[in-house]
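Student: One structure follows; several queries about it will come next.
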Amino acid sequence: MAIQNAILKHALIHFLFILAILAENAFTQNCMDTSCPGLKQCCSRWGSCGTGEDYCGFFCFSGPCNIKGKYYGYDYNVEAGPGGKIESIITPALFDSIMSKVESNCSAKGFYNYKAFITAFKSFGAYKGKVAKREIAAIFAHFSYGSKGFCYKEEISPEKYCSKSKKYPCEPGKYYYGRGLLQSITWNEYYGAAGKHLGLPLLKDPDLVARSTEVAFKFAMWFWNRNVRPALYLGFGEITKRVDGRECSNWRRDGPNSKVKQYIEFCKMLGVTPDQGLDCF
């Protein structure tokens, strides 16, 4: 009996050890979605957890990243460089100049206005004080790309984008396709989470994003602050994956309407040099 108990005990310990390894691998493979266990581990941009420089250094995606004040030989930080208050960087005249290029046959012609832009931006703490010109250029590049040059306020060929969710169930008859300035934001979970944060009924009324200019800006800026802004130090190319997904198969720096080209143009418009991290890997 003692021998049997010892065997069972050994088997149980071995089983628990295997479970621990599987659990660690699960976090390692999916930490960009689930985060890392514990408070000391960092999630690298490749989706693995650890505590060394490879995890918490330059390519740290989340966790106690140790990158402040470090220089890696390249100027990748979109949050670095000259800055100022948002209303001094984007003046009414500059905003109107950008919007004047929107074609008259665009459904969003006249929809995006300066007052709503300033109100929405300053509703987020990060933009009440000084902000980097590079980040504003990056935001406008993504906004322009996502709305086809500020031409549209919702997808041209929308789908339902409704998934099963106990926390954010779909409202009957409502569809959760892309609206506003970042039309890659889809699915009821995102509308529900954004609505909860902003204090707006976006789950019940997703069309509010396409009806209210201020809501359109707030919806896009909620996503930017939540998903994109924490990775600004990685460079423009890398942060694009936080907006449109992690794949770079269709990446073209020299494309006529590419985000990179628009980012460079907006940087020039704001009188600042773009960062060196323009490529997406």
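Convention: chains lettered A, B, ... in structure tokens order; per-chain residue numbering from 1; ligands numbered from 1 as shown.
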What lies within 12 Å of Val102 (chain A) using only C-alpha atoms, ignoring chain neighbours under 6 positions off, as a PDB file with N, CA, C and O atoms, in the first residue's frame?

Tutor:
```pdb
ATOM      1  N   PHE A  95      -6.960  72.800 -39.386  1.00  0.00           N
ATOM      2  CA  PHE A  95      -7.992  71.761 -39.456  1.00  0.00           C
ATOM      3  C   PHE A  95      -8.865  71.972 -40.691  1.00  0.00           C
ATOM      4  O   PHE A  95      -9.147  71.028 -41.441  1.00  0.00           O
ATOM      5  N   ASP A  96      -9.293  73.210 -40.910  1.00  0.00           N
ATOM      6  CA  ASP A  96     -10.132  73.510 -42.077  1.00  0.00           C
ATOM      7  C   ASP A  96      -9.392  73.259 -43.377  1.00  0.00           C
ATOM      8  O   ASP A  96      -9.987  72.841 -44.379  1.00  0.00           O
ATOM      9  N   ALA A 108     -19.232  62.175 -45.811  1.00  0.00           N
ATOM     10  CA  ALA A 108     -18.836  62.811 -44.555  1.00  0.00           C
ATOM     11  C   ALA A 108     -18.367  64.253 -44.766  1.00  0.00           C
ATOM     12  O   ALA A 108     -17.800  64.854 -43.864  1.00  0.00           O
ATOM     13  N   LYS A 109     -18.609  64.816 -45.953  1.00  0.00           N
ATOM     14  CA  LYS A 109     -18.219  66.195 -46.227  1.00  0.00           C
ATOM     15  C   LYS A 109     -18.896  67.123 -45.211  1.00  0.00           C
ATOM     16  O   LYS A 109     -20.118  67.152 -45.095  1.00  0.00           O
ATOM     17  N   GLY A 110     -18.114  67.849 -44.433  1.00  0.00           N
ATOM     18  CA  GLY A 110     -18.653  68.759 -43.434  1.00  0.00           C
ATOM     19  C   GLY A 110     -18.986  68.114 -42.103  1.00  0.00           C
ATOM     20  O   GLY A 110     -19.354  68.810 -41.156  1.00  0.00           O
ATOM     21  N   PHE A 111     -18.849  66.795 -42.015  1.00  0.00           N
ATOM     22  CA  PHE A 111     -19.211  66.076 -40.775  1.00  0.00           C
ATOM     23  C   PHE A 111     -18.158  66.276 -39.693  1.00  0.00           C
ATOM     24  O   PHE A 111     -18.482  66.546 -38.532  1.00  0.00           O
ATOM     25  N   TYR A 112     -16.901  66.137 -40.039  1.00  0.00           N
ATOM     26  CA  TYR A 112     -15.819  66.259 -39.059  1.00  0.00           C
ATOM     27  C   TYR A 112     -15.464  67.738 -38.871  1.00  0.00           C
ATOM     28  O   TYR A 112     -14.922  68.373 -39.775  1.00  0.00           O
ATOM     29  N   SER A 144      -7.261  59.610 -41.296  1.00  0.00           N
ATOM     30  CA  SER A 144      -7.440  59.841 -42.722  1.00  0.00           C
ATOM     31  C   SER A 144      -7.537  58.522 -43.485  1.00  0.00           C
ATOM     32  O   SER A 144      -8.402  58.342 -44.345  1.00  0.00           O
ATOM     33  N   SER A 147     -10.902  56.600 -42.673  1.00  0.00           N
ATOM     34  CA  SER A 147     -12.132  57.196 -43.197  1.00  0.00           C
ATOM     35  C   SER A 147     -12.022  57.526 -44.681  1.00  0.00           C
ATOM     36  O   SER A 147     -12.854  58.270 -45.215  1.00  0.00           O
ATOM     37  N   LYS A 148     -10.976  56.998 -45.325  1.00  0.00           N
ATOM     38  CA  LYS A 148     -10.723  57.248 -46.748  1.00  0.00           C
ATOM     39  C   LYS A 148     -10.614  58.747 -47.027  1.00  0.00           C
ATOM     40  O   LYS A 148     -11.326  59.316 -47.840  1.00  0.00           O
ATOM     41  N   GLY A 149      -9.693  59.383 -46.311  1.00  0.00           N
ATOM     42  CA  GLY A 149      -9.477  60.814 -46.504  1.00  0.00           C
ATOM     43  C   GLY A 149     -10.593  61.657 -45.933  1.00  0.00           C
ATOM     44  O   GLY A 149     -10.945  62.698 -46.501  1.00  0.00           O
ATOM     45  N   PHE A 150     -11.151  61.214 -44.795  1.00  0.00           N
ATOM     46  CA  PHE A 150     -12.250  61.904 -44.106  1.00  0.00           C
ATOM     47  C   PHE A 150     -13.492  61.991 -44.995  1.00  0.00           C
ATOM     48  O   PHE A 150     -14.328  62.880 -44.823  1.00  0.00           O
ATOM     49  N   CYS A 151     -13.600  61.038 -45.916  1.00  0.00           N
ATOM     50  CA  CYS A 151     -14.704  61.025 -46.873  1.00  0.00           C
ATOM     51  C   CYS A 151     -15.927  60.277 -46.354  1.00  0.00           C
ATOM     52  O   CYS A 151     -17.058  60.607 -46.703  1.00  0.00           O
ATOM     53  N   TYR A 152     -15.703  59.277 -45.495  1.00  0.00           N
ATOM     54  CA  TYR A 152     -16.808  58.434 -45.032  1.00  0.00           C
ATOM     55  C   TYR A 152     -16.915  58.418 -43.509  1.00  0.00           C
ATOM     56  O   TYR A 152     -15.926  58.593 -42.801  1.00  0.00           O
TER      57      TYR A 152
END
```

Student: Would you kindly return, as number ranges by chain, each protein, DNA or RNA residue with an atom no farther than 10 Å from any atom of Ala116 (chain A), considering only C-alpha atoms and excluding same-chain residues fewer than 2 positions away?

Tutor: A: 111-114, 118-121, 212-218

Student: What does the file look like for those residues with N, CA, C and O atoms, as an mmCIF file, in the first residue's frame?

Tutor:
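Saved as again.cif:
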```cif
data_model
loop_
_atom_site.group_PDB
_atom_site.id
_atom_site.type_symbol
_atom_site.label_atom_id
_atom_site.label_comp_id
_atom_site.auth_asym_id
_atom_site.auth_seq_id
_atom_site.Cartn_x
_atom_site.Cartn_y
_atom_site.Cartn_z
ATOM 1 N N PHE A 111 -18.849 66.795 -42.015
ATOM 2 C CA PHE A 111 -19.211 66.076 -40.775
ATOM 3 C C PHE A 111 -18.158 66.276 -39.693
ATOM 4 O O PHE A 111 -18.482 66.546 -38.532
ATOM 5 N N TYR A 112 -16.901 66.137 -40.039
ATOM 6 C CA TYR A 112 -15.819 66.259 -39.059
ATOM 7 C C TYR A 112 -15.464 67.738 -38.871
ATOM 8 O O TYR A 112 -14.922 68.373 -39.775
ATOM 9 N N ASN A 113 -15.765 68.282 -37.700
ATOM 10 C CA ASN A 113 -15.530 69.702 -37.458
ATOM 11 C C ASN A 113 -14.568 69.926 -36.291
ATOM 12 O O ASN A 113 -14.346 69.042 -35.459
ATOM 13 N N TYR A 114 -14.007 71.113 -36.233
ATOM 14 C CA TYR A 114 -12.951 71.448 -35.281
ATOM 15 C C TYR A 114 -13.427 71.421 -33.831
ATOM 16 O O TYR A 114 -12.725 70.922 -32.946
ATOM 17 N N ILE A 118 -11.640 69.116 -30.890
ATOM 18 C CA ILE A 118 -10.995 69.620 -29.683
ATOM 19 C C ILE A 118 -11.693 69.107 -28.427
ATOM 20 O O ILE A 118 -11.044 68.654 -27.465
ATOM 21 N N THR A 119 -13.019 69.137 -28.414
ATOM 22 C CA THR A 119 -13.778 68.671 -27.253
ATOM 23 C C THR A 119 -13.490 67.205 -26.962
ATOM 24 O O THR A 119 -13.275 66.815 -25.808
ATOM 25 N N ALA A 120 -13.482 66.391 -28.009
ATOM 26 C CA ALA A 120 -13.242 64.957 -27.846
ATOM 27 C C ALA A 120 -11.824 64.683 -27.357
ATOM 28 O O ALA A 120 -11.619 63.899 -26.422
ATOM 29 N N PHE A 121 -10.839 65.322 -27.959
ATOM 30 C CA PHE A 121 -9.447 65.094 -27.571
ATOM 31 C C PHE A 121 -9.201 65.483 -26.119
ATOM 32 O O PHE A 121 -8.573 64.747 -25.361
ATOM 33 N N SER A 212 -23.087 61.558 -34.567
ATOM 34 C CA SER A 212 -22.493 62.627 -33.771
ATOM 35 C C SER A 212 -20.997 62.733 -34.052
ATOM 36 O O SER A 212 -20.246 61.770 -33.854
ATOM 37 N N THR A 213 -20.560 63.897 -34.488
ATOM 38 C CA THR A 213 -19.136 64.102 -34.772
ATOM 39 C C THR A 213 -18.294 63.948 -33.514
ATOM 40 O O THR A 213 -17.219 63.343 -33.538
ATOM 41 N N GLU A 214 -18.778 64.496 -32.412
ATOM 42 C CA GLU A 214 -18.026 64.398 -31.157
ATOM 43 C C GLU A 214 -17.880 62.955 -30.719
ATOM 44 O O GLU A 214 -16.799 62.538 -30.274
ATOM 45 N N VAL A 215 -18.941 62.168 -30.851
ATOM 46 C CA VAL A 215 -18.890 60.751 -30.494
ATOM 47 C C VAL A 215 -17.936 60.007 -31.430
ATOM 48 O O VAL A 215 -17.200 59.117 -30.999
ATOM 49 N N ALA A 216 -17.940 60.366 -32.700
ATOM 50 C CA ALA A 216 -17.040 59.724 -33.666
ATOM 51 C C ALA A 216 -15.583 59.921 -33.247
ATOM 52 O O ALA A 216 -14.781 58.976 -33.262
ATOM 53 N N PHE A 217 -15.232 61.142 -32.850
ATOM 54 C CA PHE A 217 -13.861 61.413 -32.395
ATOM 55 C C PHE A 217 -13.563 60.693 -31.077
ATOM 56 O O PHE A 217 -12.488 60.129 -30.890
ATOM 57 N N LYS A 218 -14.514 60.715 -30.149
ATOM 58 C CA LYS A 218 -14.299 60.071 -28.848
ATOM 59 C C LYS A 218 -14.157 58.555 -29.003
ATOM 60 O O LYS A 218 -13.341 57.926 -28.332
#
```

Student: Excluding same-chain residues fewer than 5 positions from Val272 (chain A), what lies within 10 Å of it counting only C-alpha atoms, as a ChimeraX atom specification?

Tutor: /A:81-83,132-134,137,264,266-267

Student: DSSP on the backbone: which residues in region 120-229 of chain A end up as alpha helix (DSSP H)? Give the answer as a PyMOL selection string.

Tutor: chain A and resi 120-121+133-146+188-198+208-211+213-223

Student: Which one is closest to Val209 (chain A): A:Glu103, A:Glu155, A:Asp279, A:Glu265? Count only C-alpha atoms.

Tutor: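 The shortest atom-to-atom distance to Val209 (chain A) comes from A:Glu155.
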
Student: Using only C-alpha atoms, which residue out of A:Pro172, A:Thr186, A:Asn225, A:Gly146 lies closest to Glu159 (chain A)?

Tutor: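 The shortest atom-to-atom distance to Glu159 (chain A) comes from A:Thr186.
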
Student: Mind listing the strand (DSSP E) residues of region 73-280 of chain A, per DSSP on the backbone, as a list in words?

Tutor: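 Answer for region 73-280 of chain A restricted to strand (DSSP E) is Gly83, Gly84, Lys85, Lys130, Val131 and Ala132 of chain A.
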
Student: Determine the nearest neighbour of Arg242 (chain A) from the options A:His142, A:His197, A:Lys153, A:Lys130, counting only C-alpha atoms.

Tutor: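 For Arg242 (chain A), the nearest of the given residues is A:His142.
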
Student: State, in Å with one decimal place, the distance from CA of Ile136 (chain A) to CA of Cys42 (chain A).

Tutor: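 Here the two named atoms are 27.7 Å from each other.
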
Student: Can you tell me how far CA of Gly63 (chain A) sits from CA of Ile239 (chain A), in Å to one decimal?

Tutor: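 Spanning CA of Gly63 (chain A) to CA of Ile239 (chain A) is a straight-line distance of 17.0 Å.
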
Student: What's around Asp205 (chain A) at 12 Å? Count only C-alpha atoms, leave out sequence neighbours fewer than 6 positions away in its own chain, and write the answer as a list in words.

Tutor: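 Close residues of Asp205 (chain A): Cys170, Glu171, Pro172, Gly173, Lys174, Tyr175, Tyr176, Asn188, Tyr191, Gly192, Gly195, Arg211, Ser212 and Val215 of chain A.
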
Student: Residues as selected, all heavy atoms, written as a JSON list (two decimals), in the first residue's frame, can you do that?

Tutor:
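Output file selection13.json is given in full below:
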```json
[["chain", "number", "residue", "atom", "x", "y", "z"],
["A", 170, "CYS", "N", -25.41, 41.57, -28.35],
["A", 170, "CYS", "CA", -25.87, 42.40, -29.46],
["A", 170, "CYS", "C", -27.32, 42.84, -29.24],
["A", 170, "CYS", "O", -28.16, 42.07, -28.79],
["A", 170, "CYS", "CB", -25.77, 41.64, -30.77],
["A", 170, "CYS", "SG", -24.10, 41.14, -31.20],
["A", 171, "GLU", "N", -27.58, 44.07, -29.56],
["A", 171, "GLU", "CA", -28.94, 44.59, -29.52],
["A", 171, "GLU", "C", -29.66, 44.08, -30.77],
["A", 171, "GLU", "O", -29.11, 44.14, -31.88],
["A", 171, "GLU", "CB", -28.91, 46.11, -29.52],
["A", 171, "GLU", "CG", -30.25, 46.78, -29.27],
["A", 171, "GLU", "CD", -30.69, 46.71, -27.82],
["A", 171, "GLU", "OE1", -29.87, 46.31, -26.95],
["A", 171, "GLU", "OE2", -31.86, 47.07, -27.56],
["A", 172, "PRO", "N", -30.88, 43.56, -30.63],
["A", 172, "PRO", "CA", -31.61, 43.06, -31.81],
["A", 172, "PRO", "C", -31.72, 44.11, -32.91],
["A", 172, "PRO", "O", -32.09, 45.25, -32.66],
["A", 172, "PRO", "CB", -33.00, 42.73, -31.24],
["A", 172, "PRO", "CG", -32.75, 42.44, -29.79],
["A", 172, "PRO", "CD", -31.64, 43.38, -29.38],
["A", 173, "GLY", "N", -31.36, 43.70, -34.10],
["A", 173, "GLY", "CA", -31.46, 44.59, -35.25],
["A", 173, "GLY", "C", -30.31, 45.57, -35.40],
["A", 173, "GLY", "O", -30.30, 46.38, -36.34],
["A", 174, "LYS", "N", -29.32, 45.53, -34.50],
["A", 174, "LYS", "CA", -28.19, 46.45, -34.58],
["A", 174, "LYS", "C", -26.93, 45.73, -35.07],
["A", 174, "LYS", "O", -26.69, 44.58, -34.71],
["A", 174, "LYS", "CB", -27.90, 47.08, -33.21],
["A", 174, "LYS", "CG", -29.05, 47.90, -32.65],
["A", 174, "LYS", "CD", -29.35, 49.10, -33.54],
["A", 174, "LYS", "CE", -30.48, 49.94, -32.96],
["A", 174, "LYS", "NZ", -30.81, 51.10, -33.83],
["A", 175, "TYR", "N", -26.18, 46.42, -35.89],
["A", 175, "TYR", "CA", -24.96, 45.86, -36.45],
["A", 175, "TYR", "C", -23.76, 46.68, -35.98],
["A", 175, "TYR", "O", -23.85, 47.89, -35.80],
["A", 175, "TYR", "CB", -25.01, 45.86, -37.98],
["A", 175, "TYR", "CG", -26.20, 45.10, -38.55],
["A", 175, "TYR", "CD1", -26.78, 45.49, -39.76],
["A", 175, "TYR", "CD2", -26.73, 44.01, -37.89],
["A", 175, "TYR", "CE1", -27.86, 44.79, -40.29],
["A", 175, "TYR", "CE2", -27.80, 43.31, -38.40],
["A", 175, "TYR", "CZ", -28.37, 43.71, -39.60],
["A", 175, "TYR", "OH", -29.44, 43.03, -40.11],
["A", 176, "TYR", "N", -22.63, 45.99, -35.81],
["A", 176, "TYR", "CA", -21.46, 46.61, -35.19],
["A", 176, "TYR", "C", -20.27, 46.68, -36.15],
["A", 176, "TYR", "O", -19.17, 46.27, -35.83],
["A", 176, "TYR", "CB", -21.13, 45.87, -33.90],
["A", 176, "TYR", "CG", -22.30, 45.88, -32.94],
["A", 176, "TYR", "CD1", -23.23, 44.86, -32.93],
["A", 176, "TYR", "CD2", -22.51, 46.97, -32.11],
["A", 176, "TYR", "CE1", -24.34, 44.89, -32.09],
["A", 176, "TYR", "CE2", -23.61, 47.03, -31.26],
["A", 176, "TYR", "CZ", -24.52, 45.98, -31.26],
["A", 176, "TYR", "OH", -25.62, 46.03, -30.43],
["A", 188, "ASN", "N", -19.43, 43.88, -31.40],
["A", 188, "ASN", "CA", -20.21, 44.39, -30.28],
["A", 188, "ASN", "C", -19.38, 44.56, -29.00],
["A", 188, "ASN", "O", -19.65, 45.44, -28.19],
["A", 188, "ASN", "CB", -21.40, 43.47, -30.00],
["A", 188, "ASN", "CG", -21.04, 41.99, -30.00],
["A", 188, "ASN", "OD1", -20.54, 41.48, -31.01],
["A", 188, "ASN", "ND2", -21.31, 41.30, -28.92],
["A", 191, "TYR", "N", -17.81, 48.00, -29.16],
["A", 191, "TYR", "CA", -18.82, 49.05, -28.98],
["A", 191, "TYR", "C", -19.30, 49.09, -27.53],
["A", 191, "TYR", "O", -19.49, 50.16, -26.96],
["A", 191, "TYR", "CB", -20.00, 48.80, -29.92],
["A", 191, "TYR", "CG", -19.82, 49.37, -31.31],
["A", 191, "TYR", "CD1", -19.13, 48.66, -32.29],
["A", 191, "TYR", "CD2", -20.34, 50.61, -31.65],
["A", 191, "TYR", "CE1", -18.96, 49.18, -33.57],
["A", 191, "TYR", "CE2", -20.18, 51.14, -32.92],
["A", 191, "TYR", "CZ", -19.48, 50.42, -33.88],
["A", 191, "TYR", "OH", -19.31, 50.95, -35.14],
["A", 192, "GLY", "N", -19.46, 47.90, -26.93],
["A", 192, "GLY", "CA", -19.91, 47.84, -25.55],
["A", 192, "GLY", "C", -18.88, 48.41, -24.59],
["A", 192, "GLY", "O", -19.21, 49.20, -23.70],
["A", 195, "GLY", "N", -18.59, 52.20, -25.10],
["A", 195, "GLY", "CA", -19.76, 52.87, -24.53],
["A", 195, "GLY", "C", -19.71, 52.94, -23.03],
["A", 195, "GLY", "O", -20.06, 53.96, -22.43],
["A", 211, "ARG", "N", -23.64, 59.48, -36.32],
["A", 211, "ARG", "CA", -24.55, 60.63, -36.26],
["A", 211, "ARG", "C", -23.93, 61.83, -35.57],
["A", 211, "ARG", "O", -24.21, 62.97, -35.91],
["A", 211, "ARG", "CB", -25.85, 60.26, -35.53],
["A", 211, "ARG", "CG", -26.75, 59.30, -36.25],
["A", 211, "ARG", "CD", -28.18, 59.37, -35.72],
["A", 211, "ARG", "NE", -28.25, 59.36, -34.27],
["A", 211, "ARG", "CZ", -28.35, 58.26, -33.52],
["A", 211, "ARG", "NH1", -28.34, 57.07, -34.11],
["A", 211, "ARG", "NH2", -28.44, 58.33, -32.21],
["A", 212, "SER", "N", -23.09, 61.56, -34.57],
["A", 212, "SER", "CA", -22.49, 62.63, -33.77],
["A", 212, "SER", "C", -21.00, 62.73, -34.05],
["A", 212, "SER", "O", -20.25, 61.77, -33.85],
["A", 212, "SER", "CB", -22.72, 62.36, -32.28],
["A", 212, "SER", "OG", -21.94, 63.22, -31.48],
["A", 215, "VAL", "N", -18.94, 62.17, -30.85],
["A", 215, "VAL", "CA", -18.89, 60.75, -30.49],
["A", 215, "VAL", "C", -17.94, 60.01, -31.43],
["A", 215, "VAL", "O", -17.20, 59.12, -31.00],
["A", 215, "VAL", "CB", -20.29, 60.12, -30.52],
["A", 215, "VAL", "CG1", -20.21, 58.60, -30.33],
["A", 215, "VAL", "CG2", -21.18, 60.74, -29.45]]
```

Student: Using CA of Met269 (chain A) and CA of Ile90 (chain A) as the two end points, give the distance in Å to one decimal.

Tutor: 10.0 Å
